[in-house]
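**Student:** Here you go, protein.txt (compact mmCIF, C-alpha atoms (C1' of nucleotides)):
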```txt
# COMPACT_ATOMS: atom_id res chain seq x y z
CA MET A 16 -17.71 65.89 -74.73
CA ASN A 17 -17.24 69.55 -75.50
CA ARG A 18 -14.41 69.91 -77.97
CA SER A 19 -15.26 70.40 -81.63
CA GLU A 20 -12.70 67.79 -82.70
CA ASP A 21 -14.66 65.14 -80.84
CA TYR A 22 -17.72 65.88 -82.94
CA ILE A 23 -15.89 66.16 -86.26
CA GLN A 24 -14.09 62.85 -85.77
CA ASP A 25 -15.29 60.50 -88.53
CA PHE A 26 -17.39 63.25 -90.12
CA PRO A 27 -17.27 63.35 -93.95
CA VAL A 28 -16.19 66.98 -94.24
CA GLN A 29 -15.54 66.88 -97.97
CA GLY A 30 -18.85 65.32 -98.94
CA PHE A 31 -20.80 67.62 -96.63
CA GLN A 32 -19.17 70.71 -98.14
CA GLN A 33 -19.89 69.60 -101.68
CA ASP A 34 -23.51 68.62 -101.15
CA LEU A 35 -24.17 71.80 -99.19
CA ILE A 36 -22.53 74.22 -101.61
CA ASN A 37 -23.94 72.54 -104.73
CA TRP A 38 -27.41 72.82 -103.26
CA TYR A 39 -26.80 76.48 -102.43
CA ILE A 40 -25.57 77.31 -105.93
CA GLU A 41 -28.77 75.84 -107.35
CA ASN A 42 -31.29 77.03 -104.78
CA GLN A 43 -30.14 80.32 -103.31
CA ARG A 44 -32.72 83.06 -103.09
CA ASP A 45 -32.43 86.17 -105.18
CA LEU A 46 -31.77 88.76 -102.46
CA PRO A 47 -30.84 92.43 -102.97
CA TRP A 48 -27.60 92.23 -100.95
CA ARG A 49 -26.42 89.40 -103.19
CA LEU A 50 -26.30 91.74 -106.19
CA ASN A 51 -22.57 92.24 -105.64
CA GLN A 52 -19.91 91.86 -102.92
CA ASP A 53 -19.54 95.51 -101.99
CA PRO A 54 -18.36 95.28 -98.34
CA TYR A 55 -20.51 98.27 -97.36
CA ARG A 56 -23.66 96.64 -98.75
CA VAL A 57 -22.81 93.33 -97.14
CA TRP A 58 -22.18 95.12 -93.86
CA VAL A 59 -25.50 97.00 -93.91
CA SER A 60 -27.38 93.80 -94.73
CA GLU A 61 -25.72 91.86 -91.93
CA ILE A 62 -26.55 94.51 -89.34
CA MET A 63 -30.17 94.67 -90.51
CA LEU A 64 -30.46 90.89 -90.46
CA GLN A 65 -29.45 90.60 -86.80
CA GLN A 66 -32.46 89.05 -85.05
CA THR A 67 -34.58 90.11 -88.02
CA ARG A 68 -36.19 88.08 -90.79
CA VAL A 69 -35.13 88.34 -94.42
CA ASP A 70 -38.62 89.33 -95.57
CA THR A 71 -38.71 92.19 -93.08
CA VAL A 72 -35.26 93.44 -94.07
CA ILE A 73 -35.64 93.53 -97.87
CA PRO A 74 -37.65 96.77 -98.18
CA TYR A 75 -35.58 98.48 -95.47
CA PHE A 76 -32.36 97.47 -97.20
CA ASN A 77 -33.45 98.83 -100.56
CA ARG A 78 -34.63 102.11 -99.09
CA PHE A 79 -31.53 102.48 -96.93
CA LEU A 80 -29.17 101.91 -99.86
CA SER A 81 -31.02 104.40 -102.03
CA LEU A 82 -30.77 106.99 -99.24
CA PHE A 83 -27.16 106.18 -98.36
CA PRO A 84 -25.63 104.49 -101.44
CA THR A 85 -22.03 104.54 -100.20
CA LEU A 86 -20.16 104.29 -96.95
CA LYS A 87 -19.27 107.95 -97.28
CA ASP A 88 -22.91 108.94 -97.67
CA LEU A 89 -23.81 107.20 -94.44
CA ALA A 90 -20.79 108.59 -92.61
CA GLU A 91 -21.83 112.13 -93.50
CA ALA A 92 -25.57 111.77 -92.91
CA GLU A 93 -27.52 113.37 -90.07
CA GLU A 94 -28.29 110.85 -87.34
CA GLU A 95 -31.96 111.79 -87.35
CA LYS A 96 -32.21 110.90 -91.06
CA VAL A 97 -30.48 107.62 -90.41
CA LEU A 98 -32.79 106.74 -87.53
CA LYS A 99 -35.77 107.68 -89.70
CA ALA A 100 -34.58 105.17 -92.31
CA TRP A 101 -34.40 102.54 -89.57
CA GLU A 102 -37.80 103.46 -88.07
CA GLY A 103 -39.82 100.34 -87.30
CA LEU A 104 -36.95 97.92 -87.73
CA GLY A 105 -36.11 97.76 -84.03
CA TYR A 106 -32.88 97.41 -82.06
CA TYR A 107 -32.02 100.99 -82.91
CA SER A 108 -28.57 100.85 -81.34
CA ARG A 109 -27.65 98.73 -84.36
CA VAL A 110 -27.84 101.68 -86.70
CA ARG A 111 -26.30 104.16 -84.31
CA ASN A 112 -23.36 101.79 -83.88
CA LEU A 113 -23.23 101.24 -87.64
CA GLN A 114 -22.90 104.94 -88.32
CA THR A 115 -20.25 105.28 -85.62
CA ALA A 116 -18.31 102.42 -87.21
CA VAL A 117 -18.72 103.74 -90.72
CA LYS A 118 -17.29 107.09 -89.64
CA GLU A 119 -14.37 105.21 -88.10
CA VAL A 120 -13.74 103.40 -91.39
CA ALA A 121 -13.97 106.67 -93.32
CA GLU A 122 -11.46 108.37 -91.06
CA GLN A 123 -9.08 105.60 -89.99
CA TYR A 124 -9.16 103.26 -92.98
CA GLY A 125 -9.58 105.68 -95.88
CA GLY A 126 -13.13 104.49 -96.44
CA ILE A 127 -12.08 100.87 -97.05
CA VAL A 128 -13.77 98.30 -94.80
CA PRO A 129 -10.89 96.37 -93.14
CA ASP A 130 -10.40 92.77 -94.23
CA THR A 131 -8.85 91.22 -91.12
CA ALA A 132 -10.70 89.74 -88.16
CA GLU A 133 -8.66 91.79 -85.72
CA GLU A 134 -9.43 95.16 -87.30
CA ILE A 135 -13.03 94.57 -88.31
CA SER A 136 -13.95 93.21 -84.88
CA LYS A 137 -12.94 96.48 -83.27
CA LEU A 138 -15.71 98.32 -85.10
CA LYS A 139 -18.79 99.27 -83.09
CA GLY A 140 -21.59 96.75 -83.50
CA VAL A 141 -19.43 94.18 -85.28
CA GLY A 142 -19.43 91.03 -83.15
CA PRO A 143 -18.16 87.54 -83.95
CA TYR A 144 -20.99 86.68 -86.34
CA THR A 145 -20.94 89.93 -88.33
CA ALA A 146 -17.14 89.95 -88.55
CA GLY A 147 -17.13 86.45 -90.04
CA ALA A 148 -20.02 87.22 -92.37
CA ILE A 149 -18.40 90.32 -93.86
CA LEU A 150 -14.96 88.74 -94.13
CA SER A 151 -16.21 85.61 -95.84
CA ILE A 152 -18.89 87.13 -98.08
CA ALA A 153 -17.17 90.35 -99.12
CA TYR A 154 -13.53 89.22 -99.02
CA GLY A 155 -13.56 85.42 -99.30
CA VAL A 156 -11.78 84.94 -95.98
CA PRO A 157 -12.50 81.52 -94.37
CA GLU A 158 -13.86 82.78 -91.04
CA PRO A 159 -16.87 81.23 -89.29
CA ALA A 160 -20.15 83.18 -89.28
CA VAL A 161 -22.20 81.42 -86.64
CA ASP A 162 -25.77 82.66 -86.21
CA GLY A 163 -28.94 80.97 -85.03
CA ASN A 164 -29.34 79.12 -88.33
CA VAL A 165 -25.84 77.69 -88.23
CA MET A 166 -26.20 76.53 -84.64
CA ARG A 167 -29.48 74.83 -85.45
CA VAL A 168 -28.09 73.11 -88.54
CA LEU A 169 -24.89 71.98 -86.88
CA SER A 170 -26.53 70.88 -83.65
CA ARG A 171 -28.55 68.48 -85.78
CA VAL A 172 -25.90 67.42 -88.25
CA LEU A 173 -23.31 66.79 -85.54
CA LEU A 174 -25.84 65.81 -82.84
CA ILE A 175 -24.77 68.43 -80.30
CA TYR A 176 -27.00 68.90 -77.25
CA ASP A 177 -25.23 71.92 -75.72
CA ASP A 178 -27.52 74.87 -74.93
CA ILE A 179 -27.21 77.26 -77.89
CA GLY A 180 -28.09 80.16 -75.58
CA LYS A 181 -24.67 79.93 -73.92
CA ALA A 182 -21.69 81.92 -75.21
CA LYS A 183 -19.49 78.90 -74.77
CA THR A 184 -21.62 76.91 -77.19
CA ARG A 185 -21.24 79.50 -79.92
CA ILE A 186 -17.48 79.14 -79.60
CA LEU A 187 -17.80 75.37 -79.91
CA PHE A 188 -19.70 75.84 -83.18
CA GLU A 189 -17.17 78.38 -84.43
CA ASP A 190 -14.40 75.87 -83.82
CA ALA A 191 -16.38 73.25 -85.71
CA VAL A 192 -16.91 75.61 -88.65
CA ARG A 193 -13.19 76.37 -88.84
CA THR A 194 -12.74 72.70 -89.65
CA LEU A 195 -15.81 72.29 -91.82
CA ILE A 196 -15.65 75.48 -93.90
CA SER A 197 -14.65 75.32 -97.55
CA LYS A 198 -11.30 77.05 -97.98
CA GLU A 199 -12.06 77.44 -101.71
CA ASP A 200 -15.43 79.11 -101.26
CA PRO A 201 -16.02 80.24 -97.68
CA SER A 202 -18.63 82.75 -98.84
CA SER A 203 -20.88 80.10 -100.34
CA PHE A 204 -20.28 77.77 -97.41
CA ASN A 205 -21.36 80.28 -94.76
CA GLN A 206 -24.31 81.54 -96.77
CA ALA A 207 -25.33 77.98 -97.59
CA MET A 208 -25.43 77.04 -93.92
CA MET A 209 -27.73 79.97 -93.21
CA GLU A 210 -29.82 79.38 -96.31
CA LEU A 211 -30.26 75.75 -95.32
CA GLY A 212 -31.34 76.79 -91.84
CA ALA A 213 -33.82 79.27 -93.25
CA LEU A 214 -35.34 77.09 -95.99
CA ILE A 215 -34.88 73.42 -95.02
CA CYS A 216 -33.50 72.90 -91.52
CA THR A 217 -36.18 75.06 -89.91
CA PRO A 218 -36.94 75.25 -86.17
CA LYS A 219 -40.32 73.49 -86.01
CA SER A 220 -40.61 70.90 -88.72
CA PRO A 221 -37.41 70.52 -90.71
CA ALA A 222 -37.82 69.28 -94.29
CA CYS A 223 -35.36 66.44 -93.84
CA LEU A 224 -36.80 64.46 -96.76
CA ILE A 225 -35.57 67.05 -99.25
CA CYS A 226 -32.42 68.05 -97.35
CA PRO A 227 -29.24 68.09 -99.44
CA VAL A 228 -27.13 66.93 -96.48
CA GLN A 229 -29.53 64.32 -95.15
CA ASP A 230 -26.92 61.61 -95.73
CA HIS A 231 -24.52 63.41 -93.41
CA CYS A 232 -26.99 64.30 -90.64
CA ARG A 233 -26.62 62.38 -87.40
CA ALA A 234 -29.87 63.70 -85.94
CA PHE A 235 -31.83 62.52 -88.97
CA ASP A 236 -30.06 59.18 -88.83
CA GLN A 237 -31.31 58.74 -85.28
CA GLY A 238 -34.66 60.47 -85.78
CA ARG A 239 -33.78 63.10 -83.23
CA GLN A 240 -33.93 66.28 -85.33
CA LYS A 241 -36.93 67.60 -83.40
CA GLU A 242 -35.03 67.47 -80.11
CA LEU A 243 -32.52 69.95 -81.45
CA PRO A 244 -31.28 72.54 -80.95
CA VAL A 245 -31.40 72.67 -77.14
CA LYS A 246 -32.24 76.10 -75.81
CA GLU A 247 -33.15 77.06 -72.27
CA LYS A 248 -36.41 78.97 -71.94
CA LYS A 249 -36.05 82.60 -71.06
CA THR A 250 -37.93 84.43 -68.36
CA LYS A 251 -41.18 86.14 -69.26
CA VAL A 252 -41.55 89.83 -69.93
CA LYS A 253 -42.10 92.48 -67.30
CA HIS A 254 -45.35 94.45 -67.45
CA VAL A 255 -45.20 98.23 -67.07
CA ASP A 256 -48.21 100.54 -66.81
CA MET A 257 -47.80 103.88 -68.55
CA ALA A 258 -49.80 107.03 -69.15
CA ALA A 259 -49.31 109.22 -72.21
CA VAL A 260 -50.89 112.38 -73.52
CA ILE A 261 -51.60 113.81 -76.95
CA LEU A 262 -50.97 117.42 -76.00
CA ARG A 263 -52.00 120.26 -78.31
CA ASN A 264 -51.40 123.98 -77.95
CA HIS A 265 -53.53 126.87 -79.13
CA GLU A 266 -52.00 126.65 -82.62
CA GLY A 267 -53.06 123.02 -82.91
CA LYS A 268 -49.49 121.78 -82.73
CA PHE A 269 -48.47 118.66 -80.85
CA LEU A 270 -45.78 118.28 -78.21
CA ILE A 271 -43.14 115.62 -78.88
CA HIS A 272 -40.03 114.71 -76.92
CA LYS A 273 -36.69 113.18 -77.88
CA ARG A 274 -35.68 110.25 -75.71
CA PRO A 275 -32.26 110.16 -74.01
CA LYS A 276 -29.20 109.11 -76.02
CA GLU A 277 -28.83 105.84 -74.15
CA GLY A 278 -31.10 103.01 -73.13
CA LEU A 279 -34.43 101.89 -74.52
CA LEU A 280 -35.35 103.47 -77.89
CA ALA A 281 -32.45 105.88 -77.55
CA ASN A 282 -32.72 109.16 -79.50
CA LEU A 283 -36.15 108.33 -80.88
CA TRP A 284 -39.10 110.70 -80.44
CA GLU A 285 -42.21 110.11 -78.37
CA PHE A 286 -45.34 111.68 -76.96
CA PRO A 287 -45.14 112.83 -73.33
CA ASN A 288 -45.49 109.79 -71.12
CA ILE A 289 -44.72 108.51 -67.64
CA PRO A 290 -44.79 105.20 -65.84
CA VAL A 291 -47.69 104.92 -63.39
CA LYS A 292 -47.91 102.75 -60.33
CA LYS A 293 -51.42 101.52 -60.70
CA ARG A 294 -53.96 101.73 -63.47
CA GLY A 295 -57.06 103.85 -63.16
CA VAL A 296 -55.96 105.77 -60.09
CA SER A 297 -54.51 109.17 -60.94
CA GLU A 298 -53.02 109.08 -64.43
CA LYS A 299 -54.46 112.44 -65.48
CA GLU A 300 -53.19 114.19 -62.39
CA ASP A 301 -49.81 112.47 -62.65
CA LEU A 302 -49.42 113.63 -66.24
CA LYS A 303 -50.37 117.19 -65.31
CA VAL A 304 -47.85 117.27 -62.47
CA PHE A 305 -45.17 115.76 -64.69
CA LEU A 306 -45.65 118.30 -67.48
CA GLN A 307 -45.40 121.15 -64.99
CA ALA A 308 -42.45 119.82 -63.02
CA GLU A 309 -40.41 118.55 -65.95
CA TRP A 310 -41.01 121.20 -68.59
CA GLY A 311 -42.93 124.00 -66.87
CA ILE A 312 -46.00 123.36 -68.96
CA SER A 313 -49.40 124.16 -67.47
CA ALA A 314 -51.75 121.79 -69.19
CA ALA A 315 -55.28 120.51 -68.92
CA VAL A 316 -55.38 116.75 -69.32
CA GLY A 317 -58.79 115.72 -70.57
CA ASP A 318 -60.55 112.68 -71.95
CA HIS A 319 -59.18 109.17 -72.08
CA VAL A 320 -58.58 108.31 -75.75
CA SER A 321 -57.64 104.64 -75.74
CA ASN A 322 -55.52 101.96 -74.21
CA ILE A 323 -52.42 100.90 -76.16
CA GLU A 324 -50.50 97.69 -75.60
CA HIS A 325 -47.00 97.23 -76.89
CA VAL A 326 -44.80 94.18 -76.44
CA PHE A 327 -41.00 94.30 -76.51
CA SER A 328 -38.67 91.35 -76.23
CA HIS A 329 -38.14 91.98 -72.52
CA LEU A 330 -41.13 94.04 -71.40
CA LYS A 331 -44.70 95.04 -72.13
CA TRP A 332 -46.15 98.53 -71.99
CA ASP A 333 -49.79 99.09 -71.17
CA ILE A 334 -50.38 102.73 -72.07
CA GLN A 335 -53.42 104.72 -70.97
CA LEU A 336 -53.70 107.46 -73.56
CA PHE A 337 -55.28 110.87 -72.90
CA GLU A 338 -55.72 114.09 -74.81
CA GLY A 339 -54.85 117.46 -73.40
CA HIS A 340 -54.28 121.07 -74.27
CA CYS A 341 -52.33 124.06 -73.08
CA SER A 342 -51.39 127.56 -74.19
CA ASN A 343 -47.61 127.29 -74.15
CA LYS A 344 -45.87 127.88 -77.42
CA THR A 345 -42.24 128.84 -76.85
CA ILE A 346 -40.03 125.98 -75.82
CA GLU A 347 -36.29 126.19 -76.23
CA ALA A 348 -35.20 122.76 -75.06
CA CYS A 349 -33.75 120.87 -78.03
CA ASP A 350 -35.36 117.61 -76.94
CA LEU A 351 -38.84 119.16 -76.96
CA LYS A 352 -40.84 120.41 -79.93
CA TRP A 353 -44.26 121.65 -80.93
CA VAL A 354 -44.98 120.24 -84.38
CA THR A 355 -47.81 119.84 -86.86
CA LEU A 356 -48.94 116.40 -87.96
CA GLU A 357 -47.10 116.97 -91.21
CA GLU A 358 -43.85 117.96 -89.53
CA MET A 359 -44.13 114.95 -87.26
CA GLU A 360 -43.54 112.66 -90.24
CA THR A 361 -39.88 113.65 -90.42
CA TYR A 362 -39.12 112.46 -86.89
CA PRO A 363 -38.30 108.82 -86.06
CA PHE A 364 -40.83 107.23 -83.69
CA PRO A 365 -40.81 103.75 -82.19
CA VAL A 366 -43.79 101.63 -83.23
CA SER A 367 -45.42 102.05 -79.81
CA HIS A 368 -45.61 105.79 -80.38
CA GLN A 369 -46.54 105.41 -84.03
CA LYS A 370 -49.71 103.90 -82.61
CA ILE A 371 -50.22 107.07 -80.57
CA LYS A 372 -49.46 109.21 -83.62
CA LYS A 373 -52.22 107.39 -85.44
CA MET A 374 -54.64 108.17 -82.63
CA ALA A 375 -53.57 111.82 -82.78
CA LYS A 376 -54.59 111.92 -86.42
CA GLU A 377 -57.96 110.36 -85.66
CA VAL A 378 -58.64 112.67 -82.73
CA THR A 379 -57.85 115.64 -84.91
CA ALA A 380 -59.85 114.55 -87.93
C1' DA B 15 -22.85 84.56 -67.43
C1' DA B 16 -26.85 87.27 -67.62
C1' DA B 17 -29.52 91.16 -68.83
C1' DG B 18 -30.93 94.92 -71.96
C1' DC B 19 -32.32 95.93 -76.41
C1' DG B 20 -37.63 95.91 -81.11
C1' DG B 21 -40.62 94.27 -83.80
C1' DG B 22 -43.17 90.96 -86.46
C1' DG B 23 -44.70 86.41 -88.00
C1' DC B 24 -46.12 81.92 -86.87
C1' DC B 25 -48.12 78.37 -84.03
C1' DG C 12 -49.63 83.20 -74.94
C1' DG C 13 -44.55 81.58 -76.36
C1' DC C 14 -40.90 81.01 -79.79
C1' DC C 15 -37.77 82.52 -83.23
C1' DC C 16 -35.43 85.54 -86.20
C1' DA C 17 -28.20 86.26 -90.72
C1' DG C 18 -26.68 89.22 -82.44
C1' DC C 19 -24.12 92.91 -79.89
C1' DT C 20 -23.10 95.58 -75.78
C1' DT C 21 -23.01 96.34 -71.09
C1' DT C 22 -22.95 94.83 -66.47
```
Output the structure of this file as structure tokens.

**Tutor:**
Amino acid sequence: MNRSEDYIQDFPVQGFQQDLINWYIENQRDLPWRLNQDPYRVWVSEIMLQQTRVDTVIPYFNRFLSLFPTLKDLAEAEEEKVLKAWEGLGYYSRVRNLQTAVKEVAEQYGGIVPDTAEEISKLKGVGPYTAGAILSIAYGVPEPAVDGNVMRVLSRVLLIYDDIGKAKTRILFEDAVRTLISKEDPSSFNQAMMELGALICTPKSPACLICPVQDHCRAFDQGRQKELPVKEKKTKVKHVDMAAVILRNHEGKFLIHKRPKEGLLANLWEFPNIPVKKRGVSEKEDLKVFLQAEWGISAAVGDHVSNIEHVFSHLKWDIQLFEGHCSNKTIEACDLKWVTLEEMETYPFPVSHQKIKKMAKEVTA
DNA sequence: AAAGCGGGGCC
DNA sequence: GGCCCAGCTTT
């Protein structure tokens, strides 16, 4: 059984819609992106909310919108300023893609976010979920917006055991939503599904006893809500040993480096660092050789400062941190800078290197 | 279809 | 430690 029609057969679509939307009207949270339906605001919120909790997003959203109030403001902003506004939020390609897409809208669509699935889906960083979310919330178009919440809710309500990690399963849920969605109020329907997933139909212990659609839930009827959704476990993270150095010159300035424009933490700044084969063998020497070979810097790498661990979704860094000094001062490369602690605050750093920045302050103090 | 891509909160 | 979060892009 893998067609949505098979699951919707005999399902009380009308009653489900009503109970869901009525609950949402009464119980929706007061969130900053619900202030109005400005497509740009909705868009920014949806990008920020990808794989990121509401509570985390709220302060970022407010700050971002005060820095870049309109689509035009974001289109014309310096990328470094935009990355700085995103600093700490993670998945930085989201905001680089967002700015690329916003420029596209400014140039190709006269600054008006397109309102068709075909056009909006062409924009960088706008996938099936985000397209449906913007279209339904900003424009009232009845398109599905299937995220993790919606898959969890529907897997339980319709008793679907397909692995929600598979692309094929998302399409199954999208087909189901095309049938289930309210044509009168698609915005409330989609947001209600997500709100229900966030507040009631939660991953661990769903609050079925106070659920507005309990009467329509097949998993609850059979006491199987805790078996769902089905999701295959993913492989564990890879461990990588690193060595990094807080390098100061004779003026007391620190050396920082801009990462490449693609890949992990693209275009963010960092302290000089290298992967090392084995811990405790020759990190200091390796760093010294690297600084000389890569940038022509003759440095003395001194005391070990600390050991920093940082976990990503797919890997873990174990960073041996050292301090060092050198007498270089003129560096022309645009991806390399000597800066004071104060100047450093204007550059976007990933959290792993914010930890190093903090150590730099302590070492200096 | 699978892997790469961040960071934080909760258990 | 593992899991999950208003996912998308690249391979």

**Student:** Using only C-alpha atoms (C1' of nucleotides), I'd like every residue of chain A that has an atom within 9 Å of chain B; please write them out as an MDAnalysis selection string.

**Tutor:** chainID A and resid 67:68 71 103:108 181:182 278:280 326:329 365:366

**Student:** Could you dump the residues just selected with C-alpha atoms as a PDB file, in the frame of the given file?

**Tutor:**
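Resulting contents of part-v9.pdb:
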```
ATOM      1  CA  THR A  67     -34.580  90.110 -88.020  1.00  0.00           C
ATOM      2  CA  ARG A  68     -36.190  88.080 -90.790  1.00  0.00           C
ATOM      3  CA  THR A  71     -38.710  92.190 -93.080  1.00  0.00           C
ATOM      4  CA  GLY A 103     -39.820 100.340 -87.300  1.00  0.00           C
ATOM      5  CA  LEU A 104     -36.950  97.920 -87.730  1.00  0.00           C
ATOM      6  CA  GLY A 105     -36.110  97.760 -84.030  1.00  0.00           C
ATOM      7  CA  TYR A 106     -32.880  97.410 -82.060  1.00  0.00           C
ATOM      8  CA  TYR A 107     -32.020 100.990 -82.910  1.00  0.00           C
ATOM      9  CA  SER A 108     -28.570 100.850 -81.340  1.00  0.00           C
ATOM     10  CA  LYS A 181     -24.670  79.930 -73.920  1.00  0.00           C
ATOM     11  CA  ALA A 182     -21.690  81.920 -75.210  1.00  0.00           C
ATOM     12  CA  GLY A 278     -31.100 103.010 -73.130  1.00  0.00           C
ATOM     13  CA  LEU A 279     -34.430 101.890 -74.520  1.00  0.00           C
ATOM     14  CA  LEU A 280     -35.350 103.470 -77.890  1.00  0.00           C
ATOM     15  CA  VAL A 326     -44.800  94.180 -76.440  1.00  0.00           C
ATOM     16  CA  PHE A 327     -41.000  94.300 -76.510  1.00  0.00           C
ATOM     17  CA  SER A 328     -38.670  91.350 -76.230  1.00  0.00           C
ATOM     18  CA  HIS A 329     -38.140  91.980 -72.520  1.00  0.00           C
ATOM     19  CA  PRO A 365     -40.810 103.750 -82.190  1.00  0.00           C
ATOM     20  CA  VAL A 366     -43.790 101.630 -83.230  1.00  0.00           C
TER      21      VAL A 366
END
```

**Student:** Define the interface residues of chain A facing chain C as those within 10 Å, counting all atoms listed in the file, and report them as a ChimeraX atom specification.

**Tutor:** /A:60-69,108-109,112,139-145,148,160-165,205-206,209-210,213,218-219,248,251

**Student:** For region 15-19 of chain B, take all atoms listed in the file, fit an axis-aligned box around them, add 5 Å to each of the six sides, then output centre and edge lengths in Å rounded to one decimal, as AutoDock Vina command-line options.

**Tutor:**
```
--center_x -27.6 --center_y 90.2 --center_z -71.9 --size_x 19.5 --size_y 21.4 --size_z 19.0
```

**Student:** Could you pull out every residue with an atom within 8 Å of (-15.8, 72.8, -95.3), file coordinates, counting all atoms listed in the file, and send them as a list in words?

**Tutor:** Val28, Gln29, Phe31, Gln32, Val192, Arg193, Thr194, Leu195, Ile196, Ser197, Lys198, Pro201 and Phe204 of chain A

**Student:** Provide the CA of Ala132 (chain A) to CA of Leu86 (chain A) distance in Å, to one decimal place.

**Tutor:** 19.5 Å

**Student:** Which neighbours of region 74-77 of chain A fall inside 9 Å, counting only C-alpha atoms (C1' of nucleotides), when residues of the same chain fewer than 3 positions from it are skipped, and could you give them as a ChimeraX atom specification?

**Tutor:** /A:47-48,56,59-60,63,70-71,80-82,100-101,104

**Student:** So that I have them on file, write out the residues from the current selection with C-alpha atoms, as a short mmCIF file (atom, residue, chain, number, x, y, z; two decimals), in the coordinates of the input.

**Tutor:**
```
data_model
loop_
_atom_site.label_atom_id
_atom_site.label_comp_id
_atom_site.auth_asym_id
_atom_site.auth_seq_id
_atom_site.Cartn_x
_atom_site.Cartn_y
_atom_site.Cartn_z
CA PRO A 47 -30.84 92.43 -102.97
CA TRP A 48 -27.60 92.23 -100.95
CA ARG A 56 -23.66 96.64 -98.75
CA VAL A 59 -25.50 97.00 -93.91
CA SER A 60 -27.38 93.80 -94.73
CA MET A 63 -30.17 94.67 -90.51
CA ASP A 70 -38.62 89.33 -95.57
CA THR A 71 -38.71 92.19 -93.08
CA LEU A 80 -29.17 101.91 -99.86
CA SER A 81 -31.02 104.40 -102.03
CA LEU A 82 -30.77 106.99 -99.24
CA ALA A 100 -34.58 105.17 -92.31
CA TRP A 101 -34.40 102.54 -89.57
CA LEU A 104 -36.95 97.92 -87.73
#
```

**Student:** Can you list, as JSON, numbers by chain, every protein, DNA or RNA residue that comes within 10 Å of region 220-233 of chain A when you count all atoms listed in the file, leaving out same-chain residues fewer than 2 positions away?

**Tutor:** {"A": [26, 27, 28, 30, 31, 32, 33, 34, 35, 36, 37, 38, 39, 168, 169, 170, 171, 172, 173, 174, 175, 211, 212, 213, 214, 215, 216, 217, 218, 235, 236, 237, 238, 239, 240, 241]}

**Student:** Could you please determine the separation between CA of Ala281 (chain A) and CA of Arg111 (chain A) in Å, to one decimal place?

**Tutor:**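 Computing the Euclidean distance for CA of Ala281 (chain A) and CA of Arg111 (chain A) yields 9.3 Å.
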
**Student:** Compare A:Lys331, A:His325, A:Lys352, A:Arg44 by their minimum atom-to-atom distance to Lys370 (chain A), counting all atoms listed in the file, and give me the closest one.

**Tutor:**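 For Lys370 (chain A), the nearest of the candidates is A:His325.
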
**Student:** Report, in Å with one decimal, the straight-line distance from CA of Gly126 (chain A) to CA of Gln52 (chain A).

**Tutor:**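 Between these atoms lies a distance of 15.7 Å.
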
**Student:** With a distance cut-off of 7 Å and only C-alpha atoms (C1' of nucleotides), select the neighbouring residues of Lys299 (chain A), excluding the residue or stretch itself and same-chain residues fewer than 3 positions from it, and output the selection as a list in words.

**Tutor:** Leu302, Lys303 and Val316 of chain A
